[in-house]
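Quick notes on the structure that follows.
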Amino acid sequence: MTDSVAANPDAPAAVAAAPAPSRAAWGSDAIADLLRALDIEFIALTPGASFRGLHDSLVNHLGNTRPEILLCVHEETAVAIAHGYARAARRPIAVALHANVGLMHATMAIFNAWCDRVPMLLLGGVGPVDAVHRRPWVDWIHTSRDLGALVRGYTKWDDQPGSVAAALESILRGWRIAQAEPQGPVYVSLDAGLQEQALTAPVPLPEIERFPASMAAAPPPEAIRETARMLEDARRPLLMIGRVWPEPAAFERRVALAECIGAIALTDIKTGASFPTQHPLHPFPPSLYASGGASEAIRQADAIVSLDWIDLGGTLRQACGGALPRARIVQCSLDPYVHNGWNMDYQTLPPADVSILAPPDALVAELLAELGARERAPARPWLQAEEAPQAAAPAPAQRDRMALAELARVTTETLARYRPAYIRLPLGWPGEYCRFAHPLDYIGFDGGGGIGSGPGMTIGAALALRGGDRLPVAVLGDGDYLMGLTALWTGVHYRVPALIVVANNESFFNDELHQERMARVRGRPVENRWIGLRLSDPAPDLAALARGQGANGYGPVRTVEALARAFEEAIEAVRGGALAVIDARVAPEYSRAVSSSLMRNLQGER
Ligand SMILES: Cc1ncc(C[n+]2csc(CCOP(=O)(O)OP(=O)(O)O)c2C)c(N)n1
Ligand SMILES: [Mg+2]
């Protein structure tokens, strides 16, 4: 749906019809023309005077199509929507952010996108930079000398161009930088004076076709040969699959490589689906931290190829009690190109006998070419999972709630018939209920561990999936849902179908485990672990909060039977175009396997 001027019932008839796209007469018209030339589909925003010139150009110069405005109640949501969209569509959109205040609201979500290596074009308004043109008071408090400094530690690049022509080059440059691997957000701050400047002569758009995307580097031949030799000699090869291309062909090539060398594949629930979870060579379910089985595989492996595994060094050391594994290690990652000194998302320095600065899936393709002709290894993993998958759900801790594992089982089994695209899973999700066979089966996590991104990322990803054959589904924690709640309004307003299931334990539960840990270390009462963390008394009515924004709200549901009934209604509504939220009450407990792996981490065990 487009918010055309004519569609607004309050619009006076005299301004009802937006003029057809016109010649660029103002600075921001030229900028809007460039956004269209770049084929940017949407621009998410929460309005602000510092980009009123650009806003006018989007509406009255371009007619609010390509890019179409996505109105958001909070800037954090606008960025989270761009994040989710880019993950599902595999192409970025733009966000407009109001001066310093809008950018300040947006920072959490920008950080998430940065850590997730997800591209987006952030356009900020600022000024007028020329103080002569500032209104008293507000233009002064909303003008900062170096806005980019607010986000420089977690964007790939930023700029504040000094003329309209320079702004066009800057945006084009930013668009290219954002999408060059490793991808990430870029920020271009646009002087309000420049946006509102009348053009006395046409400012030509850059010839976009003369600026194609840069080609990525290929792995050096000697690195390919050395890795191939190492894998040929290995008896227990291990692929650790981290941040990789979300493309079906690349997904298939990873399977072919694992099969050809008989490698066990490990996957990470922090990244999108990267390998079929039910494949015999994937014996250990994806998890936030390496499970017991995955750690054993790391210890026993004699060759490890990391495809940009997130915190390879930390994971290896944790699996090996602080030491390095015996295996020879190949690390293939472009990530060092974006490491900087502000945040430590570069993680532990990973040991690597061969370190390759290239896109990991390019290495996979080369290794397949090198090794693919050889006889296939048996599709039997060299190490079997010890823990049998949790067939039966544990008994619920409380009678008026489900166990999280029950919710996971019913959700997985019910939705399997509808080609679900899982956009998000909550922190305690039992990995054995991850049934992924295609990149779109699971979009990934939030990147930066910033709670509150779930609803916005859900709407963004579901928007990208709108009209396709997938059922967009997100299972969110209640804390995550409540922090990002008003994204639902944007979803309903733009008719974005999606199913949100809130795993509602009425708690910021993850932190209960931390408080329990503190209590144990200090010999204090563990029973107090919930104080200051429970979202109860009153428990927010999550379904009503959805209905209050025009979405369908179901629940609270407290049993698997009630959940199954809610699914029936909600899925039908979503297939009819609705945004539906099910409030599913679960006990404030994670499964034993998840809790013990989290606890191990809370204790900082290596
Ligand atoms: C912005 C932000 N604030 C606080 C935290 C700390 N934190 C980590 S997990 C968590 C609880 C999340 O609650 P919920 O989404 O309900 O999931 P649950 O732990 O209950 O399964 C919190 C507060 C964070 N990661 N990000
Ligand atoms: Mg919770």
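Please note that chains go A, B, ... in the order of the structure tokens, that every chain numbers its residues from 1, and that ligands are numbered from 1 in the order shown.
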As a quick test: using only C-alpha atoms and all ligand atoms, which residues lie no more than 9 Å away from ligand 2? Give them as an NGL selection string.
:A and (426-427 or 476-481 or 502-510 or 534-535 or 586 or 588)
With only C-alpha atoms as the counted atoms, please give the residues lying no more than 10 Å from Leu499 of chain A, apart from itself and same-chain residues fewer than 5 positions off, as an MDAnalysis selection string.
chainID A and resid 420 422:423 458:459 462 471:475 552 567 570:571 573:575 578:582
All residues 9 Å or closer to Val364 of chain A, only C-alpha atoms, same chain fewer than 5 positions away omitted, as a CSV table (one decimal) with N, CA, C and O atoms, in the first residue's frame:
```csv
chain,number,residue,atom,x,y,z
A,250,ALA,N,24.7,-21.7,-3.0
A,250,ALA,CA,25.9,-21.8,-2.1
A,250,ALA,C,25.6,-22.8,-1.0
A,250,ALA,O,26.5,-23.5,-0.6
A,253,ARG,N,26.2,-26.1,-2.4
A,253,ARG,CA,27.6,-26.4,-2.6
A,253,ARG,C,28.3,-26.8,-1.2
A,253,ARG,O,29.2,-27.7,-1.2
A,254,ARG,N,27.8,-26.2,-0.1
A,254,ARG,CA,28.4,-26.6,1.2
A,254,ARG,C,28.0,-28.0,1.5
A,254,ARG,O,28.9,-28.8,2.0
A,257,LEU,N,30.3,-30.2,-0.6
A,257,LEU,CA,31.6,-30.3,-0.1
A,257,LEU,C,31.7,-31.2,1.2
A,257,LEU,O,32.6,-32.1,1.2
A,307,LEU,N,34.2,-21.3,8.0
A,307,LEU,CA,33.7,-20.4,7.0
A,307,LEU,C,33.1,-19.2,7.8
A,307,LEU,O,32.0,-19.1,8.1
A,369,ALA,N,35.7,-27.7,-6.7
A,369,ALA,CA,36.3,-27.9,-8.0
A,369,ALA,C,37.5,-28.7,-7.9
A,369,ALA,O,37.8,-29.6,-8.7
```
Nearby residues (only C-alpha atoms) at most 8 Å from segment 165-174 of chain A, same-chain spacing under 3 positions excluded, as a list in words
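Residues near the query, excluding close chain neighbours: Ala30, Ile31, Leu34, Leu121, Trp157, Asp158, Asp159, Gln160, Pro161, Gly162, Ile177, Ala178, Val186, Tyr187, Val188, Leu190, Val203, Pro204, Leu205 and Pro206 of chain A.
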Give me a file of those residues, with N, CA and C atoms, as a PDB file, in the first residue's frame.
```pdb
ATOM      1  N   ALA A  30      16.935  16.188  -6.251  1.00  0.00           N
ATOM      2  CA  ALA A  30      18.034  15.471  -6.923  1.00  0.00           C
ATOM      3  C   ALA A  30      18.427  14.234  -6.114  1.00  0.00           C
ATOM      4  N   ILE A  31      18.431  14.394  -4.779  1.00  0.00           N
ATOM      5  CA  ILE A  31      18.782  13.249  -3.914  1.00  0.00           C
ATOM      6  C   ILE A  31      17.727  12.146  -4.061  1.00  0.00           C
ATOM      7  N   LEU A  34      18.160  10.223  -7.158  1.00  0.00           N
ATOM      8  CA  LEU A  34      19.244   9.234  -7.066  1.00  0.00           C
ATOM      9  C   LEU A  34      18.747   7.970  -6.346  1.00  0.00           C
ATOM     10  N   LEU A 121      21.435   1.894   3.941  1.00  0.00           N
ATOM     11  CA  LEU A 121      21.815   3.279   3.671  1.00  0.00           C
ATOM     12  C   LEU A 121      21.073   4.171   4.665  1.00  0.00           C
ATOM     13  N   TRP A 157      31.170   3.503   7.112  1.00  0.00           N
ATOM     14  CA  TRP A 157      31.646   4.763   6.525  1.00  0.00           C
ATOM     15  C   TRP A 157      30.600   5.822   6.800  1.00  0.00           C
ATOM     16  N   ASP A 158      31.018   7.077   6.922  1.00  0.00           N
ATOM     17  CA  ASP A 158      30.034   8.154   7.044  1.00  0.00           C
ATOM     18  C   ASP A 158      30.566   9.408   6.383  1.00  0.00           C
ATOM     19  N   ASP A 159      29.636  10.321   6.093  1.00  0.00           N
ATOM     20  CA  ASP A 159      30.026  11.525   5.365  1.00  0.00           C
ATOM     21  C   ASP A 159      28.997  12.611   5.637  1.00  0.00           C
ATOM     22  N   GLN A 160      29.429  13.862   5.444  1.00  0.00           N
ATOM     23  CA  GLN A 160      28.486  14.976   5.470  1.00  0.00           C
ATOM     24  C   GLN A 160      28.840  15.893   4.304  1.00  0.00           C
ATOM     25  N   PRO A 161      28.273  15.614   3.126  1.00  0.00           N
ATOM     26  CA  PRO A 161      28.682  16.338   1.916  1.00  0.00           C
ATOM     27  C   PRO A 161      28.299  17.819   1.978  1.00  0.00           C
ATOM     28  N   GLY A 162      29.050  18.650   1.221  1.00  0.00           N
ATOM     29  CA  GLY A 162      28.881  20.090   1.291  1.00  0.00           C
ATOM     30  C   GLY A 162      28.110  20.704   0.136  1.00  0.00           C
ATOM     31  N   ILE A 177      29.681   1.002  -0.732  1.00  0.00           N
ATOM     32  CA  ILE A 177      30.450   0.524   0.426  1.00  0.00           C
ATOM     33  C   ILE A 177      29.587  -0.403   1.278  1.00  0.00           C
ATOM     34  N   ALA A 178      28.327  -0.032   1.474  1.00  0.00           N
ATOM     35  CA  ALA A 178      27.439  -0.841   2.327  1.00  0.00           C
ATOM     36  C   ALA A 178      27.339  -2.270   1.810  1.00  0.00           C
ATOM     37  N   VAL A 186      25.971   2.279   6.344  1.00  0.00           N
ATOM     38  CA  VAL A 186      26.711   3.525   6.130  1.00  0.00           C
ATOM     39  C   VAL A 186      25.778   4.685   6.473  1.00  0.00           C
ATOM     40  N   TYR A 187      26.380   5.813   6.852  1.00  0.00           N
ATOM     41  CA  TYR A 187      25.576   6.957   7.307  1.00  0.00           C
ATOM     42  C   TYR A 187      25.994   8.207   6.537  1.00  0.00           C
ATOM     43  N   VAL A 188      25.036   8.842   5.862  1.00  0.00           N
ATOM     44  CA  VAL A 188      25.311  10.100   5.166  1.00  0.00           C
ATOM     45  C   VAL A 188      24.404  11.166   5.760  1.00  0.00           C
ATOM     46  N   LEU A 190      22.806  14.770   5.810  1.00  0.00           N
ATOM     47  CA  LEU A 190      22.447  15.733   4.759  1.00  0.00           C
ATOM     48  C   LEU A 190      22.023  17.055   5.387  1.00  0.00           C
ATOM     49  N   VAL A 203      21.468  19.422 -11.666  1.00  0.00           N
ATOM     50  CA  VAL A 203      22.644  18.697 -11.148  1.00  0.00           C
ATOM     51  C   VAL A 203      22.556  17.280 -11.714  1.00  0.00           C
ATOM     52  N   PRO A 204      23.438  16.927 -12.628  1.00  0.00           N
ATOM     53  CA  PRO A 204      23.301  15.611 -13.281  1.00  0.00           C
ATOM     54  C   PRO A 204      23.485  14.469 -12.292  1.00  0.00           C
ATOM     55  N   LEU A 205      22.679  13.431 -12.461  1.00  0.00           N
ATOM     56  CA  LEU A 205      22.841  12.220 -11.643  1.00  0.00           C
ATOM     57  C   LEU A 205      24.077  11.475 -12.117  1.00  0.00           C
ATOM     58  N   PRO A 206      24.750  10.803 -11.207  1.00  0.00           N
ATOM     59  CA  PRO A 206      25.870   9.966 -11.663  1.00  0.00           C
ATOM     60  C   PRO A 206      25.354   8.882 -12.621  1.00  0.00           C
TER      61      PRO A 206
END
```
Using only C-alpha atoms and all ligand atoms for the distances, tell me which of A:Phe111, A:His493, A:Ile261, A:Glu209 is nearest to ligand 1.
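For ligand 1, the nearest of the candidates is A:Phe111.
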If you count only C-alpha atoms, which residues fall within 10 Å of Thr155 of chain A, apart from same-chain ones fewer than 4 positions away, as a VMD selection string?
chain A and resid 110 to 111 113 to 115 117 119 to 120 122 148 to 151 178 183 to 187 338
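When only C-alpha atoms are used to measure the gap to Ala265 of chain A, the shortest distance among A:Arg380, A:Arg52, A:Arg36, A:Arg23 belongs to A:Arg380.
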Pick from A:Ala539, A:Met483, A:Met457, A:Ala405, whichever lies nearest to ligand 1 using only C-alpha atoms and all ligand atoms
A:Met483
Interatomic distance, atom CA of Asp469 of chain A to atom CA of Ala544 of chain A (Å, one decimal):
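Spanning atom CA of Asp469 of chain A to atom CA of Ala544 of chain A is a straight-line distance of 28.7 Å.
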So which residues touch Gly193 of chain A within 12 Å, counting only C-alpha atoms, skipping near sequence neighbours fewer than 4 positions away, as a PyMOL selection string?
chain A and resi 26-28+49-54+125-135+139+143+161-164+189+197-199
